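See below for run21.cif, which holds mmCIF, C-alpha atoms.
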data_run
#
loop_
_atom_site.label_atom_id
_atom_site.label_comp_id
_atom_site.auth_asym_id
_atom_site.auth_seq_id
_atom_site.Cartn_x
_atom_site.Cartn_y
_atom_site.Cartn_z
CA MET P 626 -13.31 6.44 4.21
CA ALA P 627 -13.47 9.35 6.61
CA TRP P 628 -15.31 12.64 6.15
CA ILE P 629 -13.45 15.02 8.46
CA GLU P 630 -14.43 18.70 8.45
CA ASP P 631 -12.66 21.61 10.10
CA ASP P 632 -14.52 24.45 11.83
CA LYS P 633 -14.90 26.26 8.48
CA GLY P 634 -16.56 23.28 6.76
CA SER P 635 -13.51 22.35 4.69
CA VAL P 636 -12.88 18.62 4.22
CA LEU P 637 -9.62 16.76 4.90
CA LEU P 638 -8.10 15.06 1.85
CA VAL P 639 -4.89 13.11 1.31
CA ARG P 640 -2.99 12.71 -1.96
CA GLN P 641 -1.74 9.23 -2.76
CA VAL P 642 1.93 8.56 -3.52
CA VAL P 643 1.30 5.67 -5.92
CA GLY P 644 -0.44 5.50 -9.28
CA GLN P 645 -2.01 8.71 -10.52
CA ARG P 646 -1.34 10.52 -7.22
CA LEU P 647 -5.02 11.31 -6.78
CA TRP P 648 -6.63 13.19 -3.91
CA THR P 649 -8.98 11.13 -1.74
CA LEU P 650 -10.61 10.94 1.65
CA PRO P 651 -8.51 9.25 4.35
CA GLY P 652 -9.16 5.53 4.74
CA GLY P 653 -8.12 2.14 3.48
CA LYS P 654 -8.62 -1.57 3.54
CA VAL P 655 -9.90 -3.60 6.47
CA LYS P 656 -7.56 -6.34 7.68
CA ARG P 657 -8.75 -9.86 8.48
CA ASN P 658 -10.53 -10.00 11.86
CA GLU P 659 -10.52 -6.19 12.13
CA SER P 660 -13.74 -4.24 12.74
CA LEU P 661 -14.69 -1.40 10.39
CA LYS P 662 -14.27 1.19 13.13
CA ARG P 663 -10.88 -0.16 14.23
CA ALA P 664 -9.68 -0.18 10.60
CA LEU P 665 -10.86 3.39 10.08
CA LYS P 666 -9.12 4.61 13.24
CA ARG P 667 -5.91 2.83 12.21
CA GLU P 668 -5.98 4.18 8.66
CA ILE P 669 -6.65 7.77 9.80
CA ARG P 670 -3.78 7.55 12.29
CA GLU P 671 -1.44 6.07 9.65
CA GLU P 672 -2.36 8.59 6.95
CA THR P 673 -2.76 11.80 8.98
CA GLY P 674 -1.49 11.28 12.52
CA LEU P 675 -4.93 12.26 13.88
CA ALA P 676 -6.75 10.39 16.66
CA VAL P 677 -10.46 9.64 16.16
CA THR P 678 -12.98 10.59 18.88
CA ALA P 679 -16.30 9.75 17.16
CA ILE P 680 -17.48 7.81 14.10
CA SER P 681 -20.93 7.72 12.51
CA TYR P 682 -21.99 5.84 9.37
CA GLN P 683 -22.96 8.07 6.42
CA GLN P 684 -23.37 5.97 3.26
CA MET P 685 -21.98 3.31 0.95
CA TYR P 686 -20.49 3.38 -2.56
CA ASP P 687 -20.96 0.05 -4.34
CA ARG P 688 -18.41 -0.62 -7.10
CA PRO P 689 -19.26 -4.13 -8.38
CA LYS P 690 -16.97 -3.89 -11.43
CA ARG P 691 -14.04 -3.38 -9.05
CA GLY P 692 -15.29 -5.95 -6.57
CA ALA P 693 -15.32 -3.30 -3.89
CA VAL P 694 -17.63 -1.56 -1.48
CA THR P 695 -16.51 1.73 0.06
CA ILE P 696 -18.18 2.97 3.23
CA LEU P 697 -18.15 6.61 4.30
CA PHE P 698 -18.11 7.58 7.97
CA LYS P 699 -18.37 11.08 9.40
CA VAL P 700 -15.45 11.31 11.80
CA SER P 701 -14.50 13.67 14.61
CA VAL P 702 -10.87 13.91 15.62
CA LYS P 703 -9.05 15.21 18.68
CA ARG P 704 -7.89 18.77 18.36
CA GLN P 705 -4.14 18.56 18.59
CA ALA P 706 -1.46 21.14 19.15
CA VAL P 707 0.82 18.99 17.03
CA ARG P 708 0.52 19.39 13.29
CA MET P 709 -0.95 16.63 11.20
CA HIS P 710 1.72 14.41 9.70
CA PHE P 711 1.78 11.80 7.02
CA PRO P 712 4.21 9.02 6.16
CA VAL P 713 6.19 9.69 3.01
CA ALA P 714 5.75 6.07 1.90
CA GLU P 715 1.95 6.26 1.53
CA ILE P 716 0.77 9.88 1.40
CA ALA P 717 2.29 12.64 -0.74
CA ASP P 718 0.27 15.57 0.64
CA ILE P 719 -2.56 16.41 3.01
CA GLY P 720 -4.88 19.36 3.49
CA PHE P 721 -8.35 20.77 4.06
CA PHE P 722 -10.34 21.74 0.95
CA ASN P 723 -13.58 23.62 0.34
CA ARG P 724 -13.68 22.36 -3.27
CA LEU P 725 -12.73 18.92 -4.52
CA PRO P 726 -9.58 18.93 -6.68
CA SER P 727 -10.20 17.74 -10.26
CA ASN P 728 -7.64 14.94 -9.79
CA ALA P 729 -9.65 13.04 -7.17
CA THR P 730 -10.52 9.35 -6.88
CA PRO P 731 -13.96 8.14 -8.08
CA SER P 732 -15.00 7.39 -4.50
CA ALA P 733 -13.97 10.87 -3.30
CA LYS P 734 -15.98 12.40 -6.17
CA PHE P 735 -19.02 10.23 -5.34
CA PHE P 736 -18.99 11.09 -1.63
CA TRP P 737 -18.15 14.77 -2.16
CA LYS P 738 -21.12 15.24 -4.50
CA SER P 739 -23.42 13.38 -2.12
CA GLU P 740 -22.23 15.06 1.12
CA SER P 741 -22.00 18.55 -0.39
CA SER P 742 -25.64 18.41 -1.48
CA HIS P 743 -26.85 18.05 2.16
#
If you convert what's in this file into structure tokens, what do you get?
Amino acid sequence: MAWIEDDKGSVLLVRQVVGQRLWTLPGGKVKRNESLKRALKREIREETGLAVTAISYQQMYDRPKRGAVTILFKVSVKRQAVRMHFPVAEIADIGFFNRLPSNATPSAKFFWKSESSH
């Protein structure tokens, strides 16, 4: 997952199309033979249209009951004149937030609490 802040300290979130349509940080699954950084760049591009310029590891969220590990990276993106875009098939909405919406994924809640306390 990507922690992307704007110059005001607001964080970029995307709202999922499927399921409960929850808000979350951009990111997704790693494909076979794909590095973590390559997967993160691909997912950010697919979900937001933004190009990544820098990635640094932040922390991990271990969810053994779901058989999943989620890794958070602080990400810098290229400033673009073009507006962010998102594919209708995967993402319902996108925006920068200074407070986490109540309808957020467990991983977004975990990372938001952790990152906001720094």
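In this model, the gap between atom CA of P:Ala714 and atom CA of P:Ala679 comes to 27.1 Å.
With only C-alpha atoms as the basis for measurement, P:Gly644 is the residue among P:Pro731, P:Gly634, P:Gly653, P:Gly644 that approaches P:Ala717 most closely.
Omitting P:Glu668 and its sequence neighbours fewer than 4 positions away, and counting all atoms listed in the file, the residues within 7 Å are P:Gly652, P:Gly653, P:Ala664, P:Glu672.
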Residues just named, written with C-alpha atoms as a PDB file, in the coordinates of the input:
ATOM      1  CA  GLY P 652      -9.160   5.530   4.740  1.00  0.00           C
ATOM      2  CA  GLY P 653      -8.120   2.140   3.480  1.00  0.00           C
ATOM      3  CA  ALA P 664      -9.680  -0.180  10.600  1.00  0.00           C
ATOM      4  CA  GLU P 672      -2.360   8.590   6.950  1.00  0.00           C
TER       5      GLU P 672
END
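With only C-alpha atoms as the basis for measurement, P:Thr695 is the residue among P:Asn658, P:Ser681, P:Thr673, P:Thr695 that approaches P:Thr730 most closely.
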What residues have an atom no more than 12 Å from (-19.6, 7.4, 10.3) in the file's own frame, counting all atoms listed in the file, and can you write them as JSON, numbers by chain? {"P": [626, 627, 628, 629, 652, 661, 662, 665, 666, 677, 678, 679, 680, 681, 682, 683, 684, 685, 696, 697, 698, 699, 700, 701]}
Take the residues that were just selected and, keeping C-alpha atoms, output them as a compact mmCIF listing (two decimals), in the coordinates of the input.
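result_16.txt written:
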# COMPACT_ATOMS: atom_id res chain seq x y z
CA MET P 626 -13.31 6.44 4.21
CA ALA P 627 -13.47 9.35 6.61
CA TRP P 628 -15.31 12.64 6.15
CA ILE P 629 -13.45 15.02 8.46
CA GLY P 652 -9.16 5.53 4.74
CA LEU P 661 -14.69 -1.40 10.39
CA LYS P 662 -14.27 1.19 13.13
CA LEU P 665 -10.86 3.39 10.08
CA LYS P 666 -9.12 4.61 13.24
CA VAL P 677 -10.46 9.64 16.16
CA THR P 678 -12.98 10.59 18.88
CA ALA P 679 -16.30 9.75 17.16
CA ILE P 680 -17.48 7.81 14.10
CA SER P 681 -20.93 7.72 12.51
CA TYR P 682 -21.99 5.84 9.37
CA GLN P 683 -22.96 8.07 6.42
CA GLN P 684 -23.37 5.97 3.26
CA MET P 685 -21.98 3.31 0.95
CA ILE P 696 -18.18 2.97 3.23
CA LEU P 697 -18.15 6.61 4.30
CA PHE P 698 -18.11 7.58 7.97
CA LYS P 699 -18.37 11.08 9.40
CA VAL P 700 -15.45 11.31 11.80
CA SER P 701 -14.50 13.67 14.61
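Separating atom CA of P:Trp737 from atom CA of P:Arg657 is a distance of 28.4 Å.
One distance worth recording is that between atom CA of P:Arg691 and atom CA of P:Arg724, which is 26.4 Å.
Using all atoms listed in the file, the smallest distance between any of P:Val702, P:Ile719, P:Leu675, P:Val643 and P:Glu630 comes from P:Val702.
When only C-alpha atoms are used to measure the gap to P:Lys654, the shortest distance among P:Ile716, P:Ala676, P:Val636, P:Ala693 belongs to P:Ala693.
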| request: Given the file shown, enumerate the residues that the PyMOL selection byres ((chain P and resi 727) around 12) captures and present them as number ranges by chain. | output: P: 646-649, 722, 724-726, 728-731, 733-734, 737
